[in-house]
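**Q** Handing over work03.txt, compact mmCIF, C-alpha atoms.
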```
# COMPACT_ATOMS: atom_id res chain seq x y z
CA ALA H 1 21.21 -60.43 25.10
CA GLN H 2 20.78 -62.15 28.43
CA SER H 3 21.06 -60.39 31.76
CA VAL H 4 20.66 -60.97 35.47
CA ALA H 5 19.76 -58.51 38.21
CA GLN H 6 20.38 -58.98 41.90
CA PRO H 7 18.74 -55.90 43.37
CA GLU H 8 20.25 -56.18 46.85
CA ASP H 9 23.98 -55.73 47.40
CA GLN H 10 23.62 -56.80 51.03
CA VAL H 11 21.15 -58.96 52.93
CA ASN H 12 21.29 -59.30 56.70
CA VAL H 13 19.29 -61.91 58.57
CA ALA H 14 19.32 -63.30 62.10
CA GLU H 15 20.38 -66.88 62.62
CA GLY H 16 17.39 -69.23 62.58
CA ASN H 17 15.27 -66.88 60.50
CA PRO H 18 14.32 -67.59 56.89
CA LEU H 19 16.40 -65.91 54.21
CA THR H 20 15.69 -64.81 50.65
CA VAL H 21 18.20 -63.57 48.08
CA LYS H 22 16.50 -62.08 45.04
CA CYS H 23 17.29 -62.62 41.37
CA THR H 24 15.51 -61.60 38.18
CA TYR H 25 16.62 -62.45 34.67
CA SER H 26 16.15 -61.66 31.01
CA VAL H 27 16.87 -64.20 28.27
CA SER H 28 15.48 -65.38 24.95
CA GLY H 29 13.75 -68.71 25.23
CA ASN H 30 13.50 -70.93 28.26
CA PRO H 31 16.24 -70.06 30.75
CA TYR H 32 18.79 -72.22 32.45
CA LEU H 33 19.24 -70.67 35.91
CA PHE H 34 21.93 -71.20 38.51
CA TRP H 35 22.95 -70.11 41.98
CA TYR H 36 26.55 -70.10 43.13
CA VAL H 37 28.15 -69.24 46.46
CA GLN H 38 31.57 -67.70 47.02
CA TYR H 39 33.54 -67.64 50.25
CA PRO H 40 36.37 -65.08 50.67
CA ASN H 41 39.29 -65.54 48.27
CA ARG H 42 37.77 -68.68 46.81
CA GLY H 43 36.16 -69.71 43.54
CA LEU H 44 32.43 -70.04 43.05
CA GLN H 45 30.70 -73.21 44.22
CA PHE H 46 27.57 -74.57 42.56
CA LEU H 47 24.46 -74.53 44.77
CA LEU H 48 21.54 -75.41 42.54
CA LYS H 49 20.09 -75.12 39.07
CA TYR H 50 16.81 -74.93 37.21
CA ILE H 51 16.67 -76.43 33.73
CA THR H 52 13.11 -77.72 33.46
CA GLY H 53 10.47 -79.42 35.59
CA ASP H 54 9.34 -78.44 39.06
CA ASN H 55 9.51 -74.74 39.78
CA LEU H 56 10.89 -75.38 43.26
CA VAL H 57 14.47 -76.58 43.07
CA LYS H 58 16.38 -77.98 46.02
CA GLY H 59 20.13 -77.72 46.28
CA SER H 60 23.11 -78.01 48.56
CA TYR H 61 23.24 -77.01 52.25
CA GLY H 62 19.44 -76.75 52.58
CA PHE H 63 19.02 -74.04 49.98
CA GLU H 64 16.18 -73.96 47.51
CA ALA H 65 15.05 -71.63 44.75
CA GLU H 66 11.73 -70.95 43.10
CA PHE H 67 11.47 -70.37 39.38
CA ASN H 68 8.69 -67.95 38.47
CA LYS H 69 8.34 -67.57 34.73
CA SER H 70 5.74 -64.82 34.80
CA GLN H 71 7.87 -62.67 37.08
CA THR H 72 11.16 -63.80 35.46
CA SER H 73 12.54 -64.46 38.92
CA PHE H 74 14.63 -67.16 40.57
CA HIS H 75 14.92 -66.22 44.24
CA LEU H 76 17.17 -68.22 46.55
CA LYS H 77 15.67 -69.27 49.88
CA LYS H 78 16.48 -71.14 53.03
CA PRO H 79 14.00 -71.81 55.86
CA SER H 80 16.50 -71.34 58.70
CA ALA H 81 19.73 -69.41 58.21
CA LEU H 82 23.06 -70.39 59.75
CA VAL H 83 26.00 -68.13 60.54
CA SER H 84 28.05 -70.34 58.21
CA ASP H 85 25.76 -69.33 55.32
CA SER H 86 27.38 -65.90 55.34
CA ALA H 87 28.97 -65.51 51.91
CA LEU H 88 28.61 -63.85 48.51
CA TYR H 89 25.85 -65.32 46.36
CA PHE H 90 25.63 -65.10 42.57
CA CYS H 91 22.70 -65.80 40.32
CA ALA H 92 23.46 -66.77 36.69
CA VAL H 93 21.46 -67.39 33.53
CA ARG H 94 22.14 -69.12 30.25
CA ALA H 95 20.04 -69.40 27.14
CA PRO H 96 19.43 -72.92 25.77
CA ILE H 97 22.29 -74.34 23.69
CA SER H 98 20.21 -74.14 20.53
CA SER H 99 20.39 -70.35 20.71
CA GLY H 100 24.10 -70.43 19.94
CA SER H 101 25.15 -68.85 23.21
CA ALA H 102 28.33 -70.91 23.38
CA ARG H 103 27.23 -72.16 26.78
CA GLN H 104 27.98 -68.78 28.29
CA LEU H 105 26.68 -67.93 31.70
CA THR H 106 25.81 -64.34 32.54
CA PHE H 107 26.23 -63.52 36.22
CA GLY H 108 24.51 -61.03 38.46
CA SER H 109 26.54 -58.57 40.51
CA GLY H 110 26.29 -60.67 43.64
CA THR H 111 24.57 -60.33 47.01
CA GLN H 112 26.52 -60.40 50.25
CA LEU H 113 24.57 -62.41 52.80
CA THR H 114 25.39 -61.87 56.46
CA VAL H 115 23.76 -64.09 59.05
CA LEU H 116 23.93 -62.55 62.49
CA PRO H 117 24.27 -64.78 65.57
CA ASP N 1 39.95 -85.86 42.03
CA GLY N 2 39.01 -83.87 38.96
CA GLY N 3 38.99 -80.12 39.05
CA ILE N 4 40.48 -76.84 37.96
CA THR N 5 43.79 -75.61 39.31
CA GLN N 6 44.72 -71.95 39.18
CA SER N 7 48.19 -70.75 40.05
CA PRO N 8 49.60 -68.83 41.67
CA LYS N 9 47.07 -67.96 44.36
CA TYR N 10 48.64 -64.51 44.82
CA LEU N 11 50.61 -62.57 42.20
CA PHE N 12 52.27 -59.19 42.30
CA ARG N 13 53.00 -57.21 39.16
CA LYS N 14 55.20 -54.21 38.67
CA GLU N 15 54.15 -51.37 36.42
CA GLY N 16 54.82 -52.20 32.75
CA GLN N 17 55.28 -55.90 33.36
CA ASN N 18 53.43 -58.76 31.70
CA VAL N 19 52.31 -61.62 33.91
CA THR N 20 50.70 -64.97 33.10
CA LEU N 21 48.05 -66.69 35.18
CA SER N 22 47.81 -70.45 34.88
CA CYS N 23 44.59 -72.46 34.57
CA GLU N 24 44.67 -76.24 34.21
CA GLN N 25 41.73 -78.66 34.25
CA ASN N 26 41.57 -82.46 34.27
CA LEU N 27 37.81 -82.67 33.74
CA ASN N 28 38.05 -83.22 29.98
CA HIS N 29 35.93 -80.10 29.52
CA ASP N 30 35.77 -78.50 26.10
CA ALA N 31 35.04 -74.90 27.04
CA MET N 32 37.10 -72.70 29.32
CA TYR N 33 36.58 -69.15 30.53
CA TRP N 34 38.40 -66.33 32.27
CA TYR N 35 36.55 -63.87 34.47
CA ARG N 36 37.65 -60.79 36.35
CA GLN N 37 36.02 -59.99 39.68
CA ASP N 38 36.05 -56.53 41.23
CA PRO N 39 34.18 -55.58 44.40
CA GLY N 40 30.57 -54.72 43.67
CA GLN N 41 30.84 -55.53 39.97
CA GLY N 42 30.30 -59.25 39.90
CA LEU N 43 32.07 -61.33 37.28
CA ARG N 44 33.08 -59.91 33.92
CA LEU N 45 34.08 -62.17 31.04
CA ILE N 46 37.57 -61.59 29.63
CA TYR N 47 38.07 -64.43 27.13
CA TYR N 48 36.60 -67.84 26.44
CA SER N 49 37.52 -70.86 24.39
CA GLN N 50 35.20 -73.58 23.16
CA ILE N 51 37.84 -75.80 21.52
CA VAL N 52 41.59 -76.12 21.25
CA ASN N 53 43.32 -73.45 19.15
CA ASP N 54 40.27 -71.21 19.18
CA PHE N 55 39.23 -68.45 21.57
CA GLN N 56 36.94 -65.45 21.60
CA LYS N 57 36.99 -62.05 23.27
CA GLY N 58 34.61 -61.42 26.10
CA ASP N 59 33.34 -58.12 27.41
CA ILE N 60 36.64 -56.75 28.74
CA ALA N 61 39.39 -58.33 26.61
CA GLU N 62 41.52 -55.19 26.16
CA GLY N 63 44.91 -55.56 27.81
CA TYR N 64 44.65 -59.33 28.08
CA SER N 65 45.70 -62.26 25.89
CA VAL N 66 45.13 -66.01 26.00
CA SER N 67 46.14 -69.22 24.27
CA ARG N 68 44.55 -72.67 24.04
CA GLU N 69 47.19 -75.03 22.73
CA LYS N 70 45.97 -77.94 24.85
CA LYS N 71 42.50 -78.92 25.96
CA GLU N 72 43.61 -78.93 29.59
CA SER N 73 45.23 -75.51 29.68
CA PHE N 74 44.01 -71.94 29.18
CA PRO N 75 46.60 -69.43 30.43
CA LEU N 76 45.80 -65.73 30.70
CA THR N 77 48.43 -63.05 30.17
CA VAL N 78 47.83 -59.65 31.70
CA THR N 79 49.82 -57.25 29.56
CA SER N 80 51.20 -53.81 30.35
CA ALA N 81 48.36 -52.40 28.27
CA GLN N 82 45.92 -53.30 31.05
CA LYS N 83 45.96 -50.12 33.10
CA ASN N 84 44.08 -51.37 36.13
CA PRO N 85 44.89 -55.05 36.54
CA THR N 86 44.46 -55.34 40.29
CA ALA N 87 41.59 -57.80 40.71
CA PHE N 88 40.61 -61.37 41.50
CA TYR N 89 40.77 -63.62 38.42
CA LEU N 90 38.67 -66.74 38.07
CA CYS N 91 38.96 -69.54 35.55
CA ALA N 92 36.03 -71.83 34.78
CA SER N 93 35.20 -74.72 32.49
CA THR N 94 32.25 -76.70 31.23
CA SER N 95 31.58 -79.52 28.81
CA GLY N 96 28.89 -80.00 26.22
CA SER N 97 27.42 -82.99 27.97
CA GLN N 98 27.47 -81.40 31.41
CA SER N 99 26.69 -77.82 30.57
CA ASN N 100 23.40 -78.18 32.39
CA TYR N 101 25.46 -77.99 35.51
CA GLY N 102 26.93 -74.65 34.62
CA TYR N 103 30.58 -74.10 35.29
CA THR N 104 33.27 -75.58 37.47
CA PHE N 105 35.47 -72.84 38.91
CA GLY N 106 39.05 -72.69 40.03
CA SER N 107 39.96 -71.13 43.36
CA GLY N 108 41.19 -67.92 41.79
CA THR N 109 44.32 -65.78 41.51
CA ARG N 110 44.54 -62.42 43.23
CA LEU N 111 46.69 -60.04 41.19
CA THR N 112 48.05 -56.86 42.74
CA VAL N 113 50.05 -54.10 41.07
CA VAL N 114 52.93 -52.87 43.21
```
Written as structure tokens, that's how I'd like the structure from this file.
**A**
Amino acid sequence: AQSVAQPEDQVNVAEGNPLTVKCTYSVSGNPYLFWYVQYPNRGLQFLLKYITGDNLVKGSYGFEAEFNKSQTSFHLKKPSALVSDSALYFCAVRAPISSGSARQLTFGSGTQLTVLP
Amino acid sequence: DGGITQSPKYLFRKEGQNVTLSCEQNLNHDAMYWYRQDPGQGLRLIYYSQIVNDFQKGDIAEGYSVSREKKESFPLTVTSAQKNPTAFYLCASTSGSQSNYGYTFGSGTRLTVV
């Protein structure tokens, strides 16, 4: 079974400072990893993904994430936070299609990011 | 523009009443999903469907039912058997050729029991 852990329910950071939102995963085989963002009363929006290739993945709105296979982590980062980055962030994992996972994503419990002005 | 449309945005249910949440997509996606979101619990899978006329239970299917009569539509019925239906419901879809991109989500329906 695949699983995702987001160990922090809440992350607070001052505007202009770097931010990190943590994610660790467990899956059979090489993982497909995703980050989504959710604003209040809205659906989830895709931020970035790791399928294969470079361990550092760049996504929307200046976000990036680093895949670390040995630590089974996929932490979300941004060099300089904005107040508008305040939202709920979800990490998700999927096993490769060949594993018969029916393309299912498993989501973490979410991390509320608050950027303070 | 292609996307997923969920309706209504807000829904109120009386005790003992069945209600149906609509999810329509024009992305030509094969697979569709329903998730329930509660504060602090992330997203929990209710039902999913990979093809028309076929669907599978997710982790919390009790008290819910679905149908997939058309590729574009995957409505969710919250039955009176669901004892705690107040939550935010999200519909998502993906296709075989674009599954590397994960899911496309609708904007959600907030259901409240009154």
**Q** Using only C-alpha atoms, tabulate the residues of chain H lying at most 8 Å from any atom of chain N, each with its closest atom pair and that distance in Å to one decimal, by chain and increasing residue number, as a tab-separated table.
**A**
```
residue	atom	partner	partner_atom	distance
H:Asp9	CA	N:Gly40	CA	7.6
H:Tyr32	CA	N:Asn100	CA	7.5
H:Phe34	CA	N:Gly102	CA	7.2
H:Asn41	CA	N:Gly108	CA	7.2
H:Arg42	CA	N:Ser107	CA	4.8
H:Gly43	CA	N:Ser107	CA	4.1
H:Leu44	CA	N:Phe105	CA	5.8
H:Gln45	CA	N:Phe105	CA	7.1
H:Phe46	CA	N:Thr104	CA	7.7
H:Lys49	CA	N:Tyr101	CA	7.1
H:Ile51	CA	N:Asn100	CA	7.1
H:Phe90	CA	N:Gly42	CA	7.9
H:Ala102	CA	N:Gln50	CA	7.4
H:Arg103	CA	N:Ser99	CA	6.8
H:Leu105	CA	N:Gly102	CA	7.3
H:Phe107	CA	N:Leu43	CA	6.3
H:Gly108	CA	N:Gly42	CA	6.2
H:Ser109	CA	N:Gly42	CA	3.9
H:Gly110	CA	N:Gly42	CA	5.7
```
**Q** So how many Å separate atom CA of Asn12 of chain H and atom CA of Gln112 of chain H, to one decimal?
**A** 8.4 Å
**Q** Determine the nearest neighbour of Pro18 of chain H from the options H:Leu76, H:Val93, H:Leu88, H:Ala81, counting all atoms listed in the file.
**A**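 Smallest separation from Pro18 of chain H among the options: H:Ala81.
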**Q** Quick check, in Å to one decimal: how far apart do atom CA of Thr5 of chain N and atom CA of Thr20 of chain N lie?
**A**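 Between atom CA of Thr5 of chain N and atom CA of Thr20 of chain N the gap is 14.1 Å.
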**Q** List every protein, DNA or RNA residue with an atom no more than 12 Å from (20.1, -79.7, 50.6) in the file's coordinates, counting all atoms listed in the file, and format the result as a ChimeraX atom specification.
**A** /H:47-48,57-65,77-79
**Q** Using only C-alpha atoms, find the one residue out of N:Tyr64, N:Asp30, N:Arg13, N:Cys23 that sits nearest to Val78 of chain N.
**A** N:Tyr64
**Q** Would you kindly return, as a PDB file with C-alpha atoms, in the coordinates of the input, each protein, DNA or RNA residue with an atom no farther than 10 Å from any atom of Ala14 of chain H, considering only C-alpha atoms and excluding same-chain residues fewer than 4 positions away?
**A**
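What ended up in around.pdb:
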```pdb
ATOM      1  CA  PRO H  18      14.320 -67.590  56.890  1.00  0.00           C
ATOM      2  CA  LEU H  19      16.400 -65.910  54.210  1.00  0.00           C
ATOM      3  CA  SER H  80      16.500 -71.340  58.700  1.00  0.00           C
ATOM      4  CA  ALA H  81      19.730 -69.410  58.210  1.00  0.00           C
ATOM      5  CA  LEU H  82      23.060 -70.390  59.750  1.00  0.00           C
ATOM      6  CA  VAL H  83      26.000 -68.130  60.540  1.00  0.00           C
ATOM      7  CA  THR H 114      25.390 -61.870  56.460  1.00  0.00           C
ATOM      8  CA  VAL H 115      23.760 -64.090  59.050  1.00  0.00           C
ATOM      9  CA  LEU H 116      23.930 -62.550  62.490  1.00  0.00           C
ATOM     10  CA  PRO H 117      24.270 -64.780  65.570  1.00  0.00           C
TER      11      PRO H 117
END
```
**Q** Please indicate the distance in Å from atom CA of Gln2 of chain H to atom CA of Tyr25 of chain H, rounded to one decimal place.
**A**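 Straight-line distance from atom CA of Gln2 of chain H to atom CA of Tyr25 of chain H works out to 7.5 Å.
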**Q** Just the residues within 7 Å of Thr86 of chain N, please, counting all atoms listed in the file, with nothing from its chain fewer than 3 positions along; format it as a PyMOL selection string.
**A** chain N and resi 111-113
**Q** For Ser80 of chain N, which residue out of N:Gly3, N:Gly58, N:Gly63, N:Pro8 is the nearest one, using all atoms listed in the file?
**A**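 Nearest candidate to Ser80 of chain N out of N:Gly3, N:Gly58, N:Gly63, N:Pro8: N:Gly63.
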**Q** Around all listed atoms of segment 107-114 of chain N, padded 3 Å per side, what centre and edge lengths does the axis-aligned box have in Å to one decimal, as AutoDock Vina command-line options?
**A**
```
--center_x 46.4 --center_y -62.0 --center_z 42.2 --size_x 19.0 --size_y 24.3 --size_z 8.3
```
**Q** With all heavy atoms as the goal, would you fill in the gaps in segment 70-81 of chain H and present it as a PDB file, in the frame of the given file?
**A**
```pdb
ATOM      1  N   SER H  70       6.487 -66.048  35.059  1.00  0.00           N
ATOM      2  CA  SER H  70       5.740 -64.820  34.800  1.00  0.00           C
ATOM      3  C   SER H  70       6.446 -63.590  35.374  1.00  0.00           C
ATOM      4  O   SER H  70       6.363 -62.503  34.812  1.00  0.00           O
ATOM      5  CB  SER H  70       4.325 -64.927  35.377  1.00  0.00           C
ATOM      6  OG  SER H  70       4.375 -65.072  36.777  1.00  0.00           O
ATOM      7  N   GLN H  71       7.140 -63.778  36.479  1.00  0.00           N
ATOM      8  CA  GLN H  71       7.870 -62.670  37.080  1.00  0.00           C
ATOM      9  C   GLN H  71       9.349 -62.688  36.698  1.00  0.00           C
ATOM     10  O   GLN H  71      10.112 -61.839  37.174  1.00  0.00           O
ATOM     11  CB  GLN H  71       7.732 -62.728  38.609  1.00  0.00           C
ATOM     12  CG  GLN H  71       6.301 -62.547  39.087  1.00  0.00           C
ATOM     13  CD  GLN H  71       6.186 -62.473  40.602  1.00  0.00           C
ATOM     14  OE1 GLN H  71       7.184 -62.441  41.307  1.00  0.00           O
ATOM     15  NE2 GLN H  71       4.964 -62.443  41.096  1.00  0.00           N
ATOM     16  N   THR H  72       9.746 -63.612  35.869  1.00  0.00           N
ATOM     17  CA  THR H  72      11.160 -63.800  35.460  1.00  0.00           C
ATOM     18  C   THR H  72      12.087 -63.712  36.674  1.00  0.00           C
ATOM     19  O   THR H  72      13.073 -62.960  36.672  1.00  0.00           O
ATOM     20  CB  THR H  72      11.590 -62.813  34.366  1.00  0.00           C
ATOM     21  OG1 THR H  72      11.492 -61.460  34.854  1.00  0.00           O
ATOM     22  CG2 THR H  72      10.743 -62.969  33.123  1.00  0.00           C
ATOM     23  N   SER H  73      11.742 -64.494  37.698  1.00  0.00           N
ATOM     24  CA  SER H  73      12.540 -64.460  38.920  1.00  0.00           C
ATOM     25  C   SER H  73      13.016 -65.864  39.301  1.00  0.00           C
ATOM     26  O   SER H  73      12.424 -66.875  38.887  1.00  0.00           O
ATOM     27  CB  SER H  73      11.745 -63.855  40.071  1.00  0.00           C
ATOM     28  OG  SER H  73      10.662 -64.694  40.427  1.00  0.00           O
ATOM     29  N   PHE H  74      14.062 -65.890  40.095  1.00  0.00           N
ATOM     30  CA  PHE H  74      14.630 -67.160  40.570  1.00  0.00           C
ATOM     31  C   PHE H  74      15.264 -66.867  41.923  1.00  0.00           C
ATOM     32  O   PHE H  74      16.471 -66.891  42.098  1.00  0.00           O
ATOM     33  CB  PHE H  74      15.661 -67.684  39.563  1.00  0.00           C
ATOM     34  CG  PHE H  74      16.147 -69.081  39.830  1.00  0.00           C
ATOM     35  CD1 PHE H  74      15.252 -70.138  39.932  1.00  0.00           C
ATOM     36  CD2 PHE H  74      17.500 -69.355  39.937  1.00  0.00           C
ATOM     37  CE1 PHE H  74      15.695 -71.435  40.156  1.00  0.00           C
ATOM     38  CE2 PHE H  74      17.969 -70.649  40.157  1.00  0.00           C
ATOM     39  CZ  PHE H  74      17.062 -71.688  40.267  1.00  0.00           C
ATOM     40  N   HIS H  75      14.444 -66.620  42.918  1.00  0.00           N
ATOM     41  CA  HIS H  75      14.920 -66.220  44.240  1.00  0.00           C
ATOM     42  C   HIS H  75      15.449 -67.414  45.028  1.00  0.00           C
ATOM     43  O   HIS H  75      14.843 -68.497  45.029  1.00  0.00           O
ATOM     44  CB  HIS H  75      13.797 -65.555  45.042  1.00  0.00           C
ATOM     45  CG  HIS H  75      13.231 -64.337  44.378  1.00  0.00           C
ATOM     46  ND1 HIS H  75      13.972 -63.508  43.559  1.00  0.00           N
ATOM     47  CD2 HIS H  75      11.980 -63.811  44.434  1.00  0.00           C
ATOM     48  CE1 HIS H  75      13.211 -62.520  43.129  1.00  0.00           C
ATOM     49  NE2 HIS H  75      11.997 -62.680  43.645  1.00  0.00           N
ATOM     50  N   LEU H  76      16.533 -67.192  45.714  1.00  0.00           N
ATOM     51  CA  LEU H  76      17.170 -68.220  46.550  1.00  0.00           C
ATOM     52  C   LEU H  76      16.593 -68.121  47.967  1.00  0.00           C
ATOM     53  O   LEU H  76      16.479 -67.010  48.501  1.00  0.00           O
ATOM     54  CB  LEU H  76      18.681 -68.007  46.587  1.00  0.00           C
ATOM     55  CG  LEU H  76      19.505 -68.998  47.380  1.00  0.00           C
ATOM     56  CD1 LEU H  76      19.515 -70.367  46.713  1.00  0.00           C
ATOM     57  CD2 LEU H  76      20.931 -68.476  47.557  1.00  0.00           C
ATOM     58  N   LYS H  77      16.296 -69.266  48.550  1.00  0.00           N
ATOM     59  CA  LYS H  77      15.670 -69.270  49.880  1.00  0.00           C
ATOM     60  C   LYS H  77      16.261 -70.358  50.759  1.00  0.00           C
ATOM     61  O   LYS H  77      16.800 -71.351  50.270  1.00  0.00           O
ATOM     62  CB  LYS H  77      14.159 -69.471  49.744  1.00  0.00           C
ATOM     63  CG  LYS H  77      13.457 -68.410  48.921  1.00  0.00           C
ATOM     64  CD  LYS H  77      11.956 -68.647  48.849  1.00  0.00           C
ATOM     65  CE  LYS H  77      11.280 -67.555  48.033  1.00  0.00           C
ATOM     66  NZ  LYS H  77       9.811 -67.707  47.981  1.00  0.00           N
ATOM     67  N   LYS H  78      16.125 -70.116  52.059  1.00  0.00           N
ATOM     68  CA  LYS H  78      16.480 -71.140  53.030  1.00  0.00           C
ATOM     69  C   LYS H  78      15.584 -70.939  54.246  1.00  0.00           C
ATOM     70  O   LYS H  78      15.456 -69.805  54.723  1.00  0.00           O
ATOM     71  CB  LYS H  78      17.951 -71.066  53.428  1.00  0.00           C
ATOM     72  CG  LYS H  78      18.405 -72.213  54.305  1.00  0.00           C
ATOM     73  CD  LYS H  78      19.901 -72.193  54.521  1.00  0.00           C
ATOM     74  CE  LYS H  78      20.339 -73.393  55.343  1.00  0.00           C
ATOM     75  NZ  LYS H  78      21.780 -73.426  55.601  1.00  0.00           N
ATOM     76  N   PRO H  79      14.966 -71.978  54.762  1.00  0.00           N
ATOM     77  CA  PRO H  79      14.000 -71.810  55.860  1.00  0.00           C
ATOM     78  C   PRO H  79      14.619 -71.310  57.159  1.00  0.00           C
ATOM     79  O   PRO H  79      13.984 -70.569  57.904  1.00  0.00           O
ATOM     80  CB  PRO H  79      13.412 -73.213  56.028  1.00  0.00           C
ATOM     81  CG  PRO H  79      13.705 -73.923  54.748  1.00  0.00           C
ATOM     82  CD  PRO H  79      14.999 -73.346  54.249  1.00  0.00           C
ATOM     83  N   SER H  80      15.858 -71.700  57.440  1.00  0.00           N
ATOM     84  CA  SER H  80      16.500 -71.340  58.700  1.00  0.00           C
ATOM     85  C   SER H  80      17.978 -71.061  58.450  1.00  0.00           C
ATOM     86  O   SER H  80      18.742 -71.969  58.164  1.00  0.00           O
ATOM     87  CB  SER H  80      16.321 -72.474  59.712  1.00  0.00           C
ATOM     88  OG  SER H  80      16.949 -72.152  60.925  1.00  0.00           O
ATOM     89  N   ALA H  81      18.360 -69.799  58.553  1.00  0.00           N
ATOM     90  CA  ALA H  81      19.730 -69.410  58.210  1.00  0.00           C
ATOM     91  C   ALA H  81      20.723 -69.802  59.303  1.00  0.00           C
ATOM     92  O   ALA H  81      20.408 -69.798  60.502  1.00  0.00           O
ATOM     93  CB  ALA H  81      19.783 -67.901  57.982  1.00  0.00           C
TER      94      ALA H  81
END
```
